[in-house]
Every structure is written in C-alpha cells, then in structure tokens.
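S.K.: Take this structure, written in structure tokens, and hold onto it; I'll ask about it next.
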Amino acid sequence: MTSMYLQRRYLLSFESRKLPHIFTDVLVIGSGAAGLRAAIEAAQYGQVIVTAKTSPEESNTAYAQGGLAAVLDPKDSFDKHIADTIATGCGLGDEAVIRLVVHRAPVMIEQLRQWGMHFDMKGSRLSLGREGGHSANRIVHSCGDATGKALAEALLRKARQTQNIKTFDNCFVIDLLTDPPTGGAGAACVGALTFHPRYGLQVIRSRQTILAAGAAGSLWRETTNPTVATADAMAMAFRAGVTIADAEMMQFHPTTLYVAGATRSLISEAVRGEGALLLDRTGKRFMLEYDKMGELAPRDIVSRAIHEQMAKTNSTHVFLDVRHMGAQAFSKRFPQIDAKCRSFGLDPSKDLIPVHPAAHYMIGGAKTDIAGRTSLDNLYACGEAACTGLHGANRLASNSLTEALVFGEITGREAGQRLAEVNDKFAAKQIDWSNPVSLRTELDLTDIRNSLRSLMWRNVGIIRNGQRLTETLDIISFWQQYVLDKEFMDPAGWEVQNMLTAAHIIVESALRRTETRGVHYREDFNSSDSVWQRHQFVRRSEHQLIVE
C-alpha cells in the first residue's frame, strides 16, 4: 500500500475559480533573512509579496545569537575560510558555492552597514569573534548576542522602505500551486494556496516564487527553534514534486540552557569562542579527549562528545564554565544570555551553566543550483529551505546567516530578471483538486505532535541506528494513515501534516545513508564510507518515492 505521505498532493480540496485571487510578480514565502533579502532584490524588477506565517519578526533569523562569518581581518584570508568550510562539510561541500558565498560575505556586511545595521566595534574596527571550526576570528556580531534580531530588524526596516514590497502577516502558505496541478517533472510553480484567519482561503498567483521558510527544528522535542519551525517548506516542496537533498542532515547545537521543565534557550557558540570550557558533572573538562580543537571543534563533534559524556556520567546535562570572564564582561558581551541565566537564578560569574544539545539547523532542503533554482520551474529556494551545497554534511558556525543574505540576493535577482521572460503574466490555468473523504478515526493532533517530537528526539537525534530508524518509519506511517487522510481548516492541523511528511522524508533518508558523516551519526555504521561521499536526493512522483 502506498504511504499516505506520497498520496497527498494538496492538503485541501479546492476549486481555484471559487477563491479570492491576489496577483504579484514575485511571491516570497518566509520573512527571515533569506526571504527579506530576496524580496528587497526582487522589488527592483516588479511587485513582491512576502508571506509571514505569524509576524515578520518571528523567524529563525531573529533567534540567531552568534553572528555572520566573513573575512574582514587582514590576517585572515578567503582561502582559509573556504578551507574551514570544506573541512567542516565532511566531503559533501560544493566548492563553487563555498567560494561564491565566502567571497560575497564582506560585501553583504558592508551593505548591511549602509542600510543602518550597527555591528559591535573594537575601537575603530569591527569586533571579530571566533567560533567552532574557524581557524581565525571572523564572526561579526551586533548587540553582543542579539545579531539575528538586529539583522531581522534591519532587513525588515529596509523592506518596509522599499517600493513594490507588501508583507502579508499571519498568512499560512498551505501548498505550492503548479501547472499541471500534479506537479513534478515538467511542471511550473504558479503561486500558492494560502490561509489568513480574517480572509480565509486565498490564491496568490505569482510569475516567480521564492521558498524561504525552511526551519524544521520543531520536529524534535529539544530545539533552539521557535514553535513556527515545523518544516512547512520541505513538506510543501515535496508534495509539489521538488527534489529534496540531504534531508537526513539536521545539525544539533551543542549548548542550550538546560533547566528541567523550561523551554530550551540557545547558548551561543561564541561563548566558547570567548574561552568558556565544557565540564561534566564531576567538574572534569572533557572535550580534549574527543578532539584537539577542544570546545571549538565543529558542532557535530561537540554535540556527540556531550552526548557520550552525559552517558558516561549518567547525567542529563553538562556545564559551561564562563566564570573567568567576570560578571561585567560577560553581561556586556552576552546580554541576552546573561539575562536568561539570571532569570533562572544562575549568576554566570559564579555558577556553572547547565547545557544540553538540541536540534538547531536543517542542512537539507530543496535542492538548488548555484543560482538558487529548484527542480520545479519558476520556483527558487534560499536560506534554510534550500540545500545549496554550502554546508555539506555539517554547517560551519555562523555561515548560515551569511548564506541567507548571499542566496537571498541571488534568488531575488534571478527571479526578478526572469520576469521579462514570462510574458503570459497570469495565464495559469484553473486548478481543481479533490481529496477522498476519510472515514478513519480522528486522532488527537496535540498528542500526535508531542509524540512525534519525542520520537524524533529519541530515535533520529544525535545518535542513530537502523533498527530504531525502521521502527520510527513504522510509527510515523501509522500516524499518517489517520492524519494525512484528513482535511483540516486550521494551521495546527496543517502543521502536524507537514511535520509527519517531513519526518518521513528525514527518517527515510537517514535509514538509507548507511554510514557516519558530519551531523549524521549511525552507531551501526560508525565510520564514513567513500561510496556515500555524495548527496542523497528524493522526490515524489505519482505516488512513488524516487531516490537518486
């Protein structure tokens, strides 16, 4: 029997002629750094609509603490940054993409400064920090540990000042619309089916579409991501027949504040860049036993080391020791982290900070070329929604915001320039779609959502094995039979359907990659295999999973 995640092309039955239509030249799905940068660029060529699932301020970008990686020190070099990115990518990085992003990074920083974003300074020069995997100080930051928030505010301010851009808040994009409606090979994206709590279902017709809503951390119980990060972009792209690359590659951040019963809060890698040490429950520093770079090893190594050390010491967490910095220096450099710690009664100048790994950044996504094009005509992807090849099998710290800006600019420009080629402006055909009525029992969506997140954390987390992955597929497939067969009329239902779809893609990909590489660690195949020094691609085609 065909799995439900392959059967469902659209989450809803609809007749487009009966729905309100909005027309635009370029539709940007997602209001994080990548989406806003794409919109700003595309607005030079035509009308742009940006959709935000809740408010434009709520995105993974706004939660980023570390900074943006760029070569700005005369003692540093592009070649060093390129080499660090390639090494961290564990054999899967695309060198052409890496060179493009690294060389473009300083230009992006200067552009942000011209747009009014303020970076932290050291005297008359930019203050440059160090993070894991980097061989030089090349991380620029703003407001200490609030770089992402400052970046989001700067881009949103610029977007609001830019003619031709409209932002639709609280606009849930349910599915990508394609001609023909089935999507896949030979199809073209013609817009999206959306929902707004005030206006209901709407069709946004677009000549070009940019997918930039890629965060997926909420698939895991332990995550640094906001609750909106439910893998919507991966799921809707997959349903439309877009090729998905490296879905198994989720990066886990080594250090989030661990307070039992509280939501996890990111403790930036920059803290370790300032000399913080990792200690286990006995007070022992352990990272040098796992890697010569110690606390500044790449994230996959640090996360696994913490996981193993917790197992050895029968503990739920380890500790960050920042006492050497002193209260004043720490609060000045990391004001948000300091305030968060103190809200739980922790004084970083005197107390050890309890930390634990958590799901952080989705490396996989819609496969794109160096121009941001996906396998679906008229659809581009950037940011966390895309798999550009920059990160390979493991993301180098602070390369993500830089990538979002570079590929946001590229996709915005490419989509804008293509408008001149698409002369039949809104000639998309009428789209009718009907899903069969389900007679199966309805399950509690909140229970499914919570159970899925716990299951993904236990079985598809930092350490994986074939048996657990197979069991996970069986459980997800069972839930799908009772959830993906239904039609819901609220975002909560669509989110759970997207989460189940994306989870299946991720677990299927993790099961097929029978090796350990970067963030993907298989304890039953605990070494890298040269046969697997390649990307893994999957796509949906007429109720079949095509693996390439």
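By convention here, the chains of the structure tokens are called A, B, ... in the order presented, each chain's residues are numbered starting at 1, and ligands are numbered starting at 1 in the order presented.
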Write out as JSON lines a residue-level contact list of stretch 376-462 of chain A versus stretch 130-146 of chain A with cut-off 9 Å: for each qualifying residue the closest pair of atoms and the distance in Å to one decimal, counting only C-alpha atoms, rows sorted by chain and residue number upward.

M.R.:
{"residue": "A:Leu396", "atom": "CA", "partner": "A:Gly133", "partner_atom": "CA", "distance": 6.3}
{"residue": "A:Ala397", "atom": "CA", "partner": "A:Gly132", "partner_atom": "CA", "distance": 6.2}
{"residue": "A:Ser398", "atom": "CA", "partner": "A:Ile139", "partner_atom": "CA", "distance": 7.0}

S.K.: Selected residues, N, CA and C atoms, written as a CSV table (one decimal), in the first residue's frame, please.

M.R.:
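After the write, out_17.csv holds the following:
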chain,number,residue,atom,x,y,z
A,396,LEU,N,29.4,25.0,9.1
A,396,LEU,CA,30.4,25.8,9.9
A,396,LEU,C,29.6,26.9,10.6
A,397,ALA,N,29.9,27.1,11.8
A,397,ALA,CA,29.3,28.1,12.7
A,397,ALA,C,29.2,29.5,12.0
A,398,SER,N,28.0,30.1,12.0
A,398,SER,CA,27.8,31.5,11.5
A,398,SER,C,27.9,31.6,10.0

S.K.: Where in stretch 7-104 of chain A does DSSP assign alpha helix (DSSP H), given as a PDB file with C-alpha atoms, in the first residue's frame?

M.R.:
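Wrote it out as states-v9.pdb, contents follow:
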ATOM      1  CA  GLN A   7      -0.627  10.035  -1.874  1.00  0.00           C
ATOM      2  CA  ALA A  33      16.861  36.940   6.494  1.00  0.00           C
ATOM      3  CA  ALA A  34      16.810  34.968   3.235  1.00  0.00           C
ATOM      4  CA  GLY A  35      13.232  35.865   2.374  1.00  0.00           C
ATOM      5  CA  LEU A  36      13.556  39.557   3.177  1.00  0.00           C
ATOM      6  CA  ARG A  37      16.857  39.877   1.308  1.00  0.00           C
ATOM      7  CA  ALA A  38      15.285  38.137  -1.692  1.00  0.00           C
ATOM      8  CA  ALA A  39      12.282  40.464  -1.572  1.00  0.00           C
ATOM      9  CA  ILE A  40      14.456  43.585  -1.419  1.00  0.00           C
ATOM     10  CA  GLU A  41      16.343  42.442  -4.507  1.00  0.00           C
ATOM     11  CA  ALA A  42      13.302  41.241  -6.470  1.00  0.00           C
ATOM     12  CA  ASN A  60      14.808  31.514  12.960  1.00  0.00           C
ATOM     13  CA  THR A  61      16.859  34.562  11.982  1.00  0.00           C
ATOM     14  CA  ALA A  62      15.602  36.530  14.974  1.00  0.00           C
ATOM     15  CA  TYR A  63      16.763  33.788  17.350  1.00  0.00           C
ATOM     16  CA  PHE A  78      39.271  33.831   1.744  1.00  0.00           C
ATOM     17  CA  ASP A  79      41.260  30.642   1.236  1.00  0.00           C
ATOM     18  CA  LYS A  80      41.250  29.959   4.994  1.00  0.00           C
ATOM     19  CA  HIS A  81      37.504  30.490   5.271  1.00  0.00           C
ATOM     20  CA  ILE A  82      36.949  28.256   2.235  1.00  0.00           C
ATOM     21  CA  ALA A  83      39.208  25.551   3.680  1.00  0.00           C
ATOM     22  CA  ASP A  84      37.426  25.667   7.055  1.00  0.00           C
ATOM     23  CA  THR A  85      34.030  25.344   5.370  1.00  0.00           C
ATOM     24  CA  ILE A  86      35.166  22.453   3.192  1.00  0.00           C
ATOM     25  CA  ALA A  87      36.741  20.614   6.136  1.00  0.00           C
ATOM     26  CA  THR A  88      33.646  21.011   8.304  1.00  0.00           C
ATOM     27  CA  GLU A  95      33.412  24.214  -3.601  1.00  0.00           C
ATOM     28  CA  ALA A  96      31.950  26.531  -6.247  1.00  0.00           C
ATOM     29  CA  VAL A  97      29.124  27.513  -3.884  1.00  0.00           C
ATOM     30  CA  ILE A  98      31.522  27.856  -0.951  1.00  0.00           C
ATOM     31  CA  ARG A  99      33.793  30.187  -2.914  1.00  0.00           C
ATOM     32  CA  LEU A 100      30.831  32.268  -4.031  1.00  0.00           C
ATOM     33  CA  VAL A 101      29.472  32.742  -0.504  1.00  0.00           C
ATOM     34  CA  VAL A 102      32.853  33.373   1.127  1.00  0.00           C
ATOM     35  CA  HIS A 103      33.879  35.999  -1.437  1.00  0.00           C
ATOM     36  CA  ARG A 104      30.487  37.694  -1.294  1.00  0.00           C
TER      37      ARG A 104
END

S.K.: Considering only strand (DSSP E or B) as DSSP defines it on the backbone, what residues of stretch 213-360 of chain A qualify? List them as a PyMOL selection string.

M.R.: chain A and resi 223+244-245+250-257+265-266+277-279+285+318-321+353-360

S.K.: Could you pull the residues within 9 Å of A:Met499, counting only C-alpha atoms, minus those fewer than 5 positions along the same chain, as a PyMOL selection string?

M.R.: chain A and resi 216+218-219+230-232+235+449+452+494+504

S.K.: Find the residues around A:Tyr199 up to 12 Å (only C-alpha atoms counted), leave out those fewer than 2 positions away in its own chain, and share them as a ChimeraX atom specification.

M.R.: /A:19-22,168-172,194-197,201-203

S.K.: Take the residues that were just selected and, keeping N, CA and C atoms, output them as a PDB file, in the first residue's frame.

M.R.:
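Result went into out29.pdb, see below:
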ATOM      1  N   LEU A  19     -12.185  30.891  -5.294  1.00  0.00           N
ATOM      2  CA  LEU A  19     -11.415  31.512  -4.215  1.00  0.00           C
ATOM      3  C   LEU A  19     -10.937  32.903  -4.615  1.00  0.00           C
ATOM      4  N   PRO A  20     -10.807  33.804  -3.649  1.00  0.00           N
ATOM      5  CA  PRO A  20     -10.235  35.128  -3.946  1.00  0.00           C
ATOM      6  C   PRO A  20      -8.809  34.986  -4.480  1.00  0.00           C
ATOM      7  N   HIS A  21      -8.463  35.815  -5.445  1.00  0.00           N
ATOM      8  CA  HIS A  21      -7.133  35.782  -6.051  1.00  0.00           C
ATOM      9  C   HIS A  21      -6.387  37.090  -5.775  1.00  0.00           C
ATOM     10  N   ILE A  22      -5.100  36.947  -5.513  1.00  0.00           N
ATOM     11  CA  ILE A  22      -4.180  38.081  -5.399  1.00  0.00           C
ATOM     12  C   ILE A  22      -3.063  37.825  -6.392  1.00  0.00           C
ATOM     13  N   PHE A 168       2.482  40.170   3.990  1.00  0.00           N
ATOM     14  CA  PHE A 168       1.235  39.606   4.490  1.00  0.00           C
ATOM     15  C   PHE A 168       1.515  38.863   5.794  1.00  0.00           C
ATOM     16  N   ASP A 169       1.108  39.456   6.917  1.00  0.00           N
ATOM     17  CA  ASP A 169       1.283  38.809   8.218  1.00  0.00           C
ATOM     18  C   ASP A 169       0.223  37.725   8.409  1.00  0.00           C
ATOM     19  N   ASN A 170       0.533  36.755   9.261  1.00  0.00           N
ATOM     20  CA  ASN A 170      -0.416  35.688   9.616  1.00  0.00           C
ATOM     21  C   ASN A 170      -0.981  34.983   8.385  1.00  0.00           C
ATOM     22  N   CYS A 171      -0.136  34.842   7.377  1.00  0.00           N
ATOM     23  CA  CYS A 171      -0.543  34.205   6.122  1.00  0.00           C
ATOM     24  C   CYS A 171       0.115  32.822   6.044  1.00  0.00           C
ATOM     25  N   PHE A 172      -0.670  31.797   6.262  1.00  0.00           N
ATOM     26  CA  PHE A 172      -0.151  30.430   6.244  1.00  0.00           C
ATOM     27  C   PHE A 172      -0.190  29.904   4.810  1.00  0.00           C
ATOM     28  N   THR A 194      -3.164  29.779   0.129  1.00  0.00           N
ATOM     29  CA  THR A 194      -2.849  30.343   1.444  1.00  0.00           C
ATOM     30  C   THR A 194      -4.106  30.471   2.300  1.00  0.00           C
ATOM     31  N   PHE A 195      -3.873  30.712   3.587  1.00  0.00           N
ATOM     32  CA  PHE A 195      -4.971  30.911   4.532  1.00  0.00           C
ATOM     33  C   PHE A 195      -4.635  32.071   5.450  1.00  0.00           C
ATOM     34  N   HIS A 196      -5.626  32.922   5.649  1.00  0.00           N
ATOM     35  CA  HIS A 196      -5.498  34.021   6.600  1.00  0.00           C
ATOM     36  C   HIS A 196      -6.691  33.957   7.544  1.00  0.00           C
ATOM     37  N   PRO A 197      -6.462  34.108   8.857  1.00  0.00           N
ATOM     38  CA  PRO A 197      -7.574  33.969   9.801  1.00  0.00           C
ATOM     39  C   PRO A 197      -8.726  34.939   9.560  1.00  0.00           C
ATOM     40  N   LEU A 201      -9.345  31.181   2.905  1.00  0.00           N
ATOM     41  CA  LEU A 201      -8.507  30.643   1.835  1.00  0.00           C
ATOM     42  C   LEU A 201      -8.367  31.665   0.720  1.00  0.00           C
ATOM     43  N   GLN A 202      -7.131  31.795   0.215  1.00  0.00           N
ATOM     44  CA  GLN A 202      -6.851  32.698  -0.899  1.00  0.00           C
ATOM     45  C   GLN A 202      -5.829  32.048  -1.819  1.00  0.00           C
ATOM     46  N   VAL A 203      -5.889  32.434  -3.079  1.00  0.00           N
ATOM     47  CA  VAL A 203      -4.871  32.028  -4.052  1.00  0.00           C
ATOM     48  C   VAL A 203      -3.994  33.232  -4.352  1.00  0.00           C
TER      49      VAL A 203
END

S.K.: So, counting only C-alpha atoms, which residue among A:Met250, A:Leu279, A:Ile210, A:Leu439 is closest to A:Ile463?

M.R.: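 Closest residue, counting only C-alpha atoms: A:Met250.
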
S.K.: Just how far from atom CA of A:Ala270 is atom CA of A:Glu289, in Å to one decimal?

M.R.: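 Those two atoms sit 21.3 Å apart.
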
S.K.: Could you name the residues that touch A:Leu419 at 8 Å or less, counting only C-alpha atoms, but leaving out those on the same chain fewer than 3 positions away, as an MDAnalysis selection string?

M.R.: chainID A and resid 25 45:46 207:208 415:416 422:423

S.K.: Next, write the just-selected residues to a file, as a JSON list (two decimals), in the first residue's frame, keeping C-alpha atoms as the atom set.

M.R.:
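Output below, filename out-v1.json:
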[["chain", "number", "residue", "atom", "x", "y", "z"],
["A", 25, "ASP", "CA", 5.20, 39.24, -9.91],
["A", 45, "TYR", "CA", 12.15, 44.26, -11.05],
["A", 46, "GLY", "CA", 8.48, 44.04, -10.08],
["A", 207, "ARG", "CA", 5.08, 34.63, -12.01],
["A", 208, "GLN", "CA", 8.04, 33.60, -9.86],
["A", 415, "ALA", "CA", 13.55, 35.69, -10.10],
["A", 416, "GLY", "CA", 13.29, 39.38, -10.93],
["A", 422, "VAL", "CA", 7.39, 35.23, -18.58],
["A", 423, "ASN", "CA", 5.09, 37.39, -20.72]]

S.K.: Using only C-alpha atoms, which residue out of A:Leu27, A:Ala297, A:Ile363, A:Val48 lies closest to A:Phe252?

M.R.: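 Counting only C-alpha atoms, the residue closest to A:Phe252 is A:Ile363.
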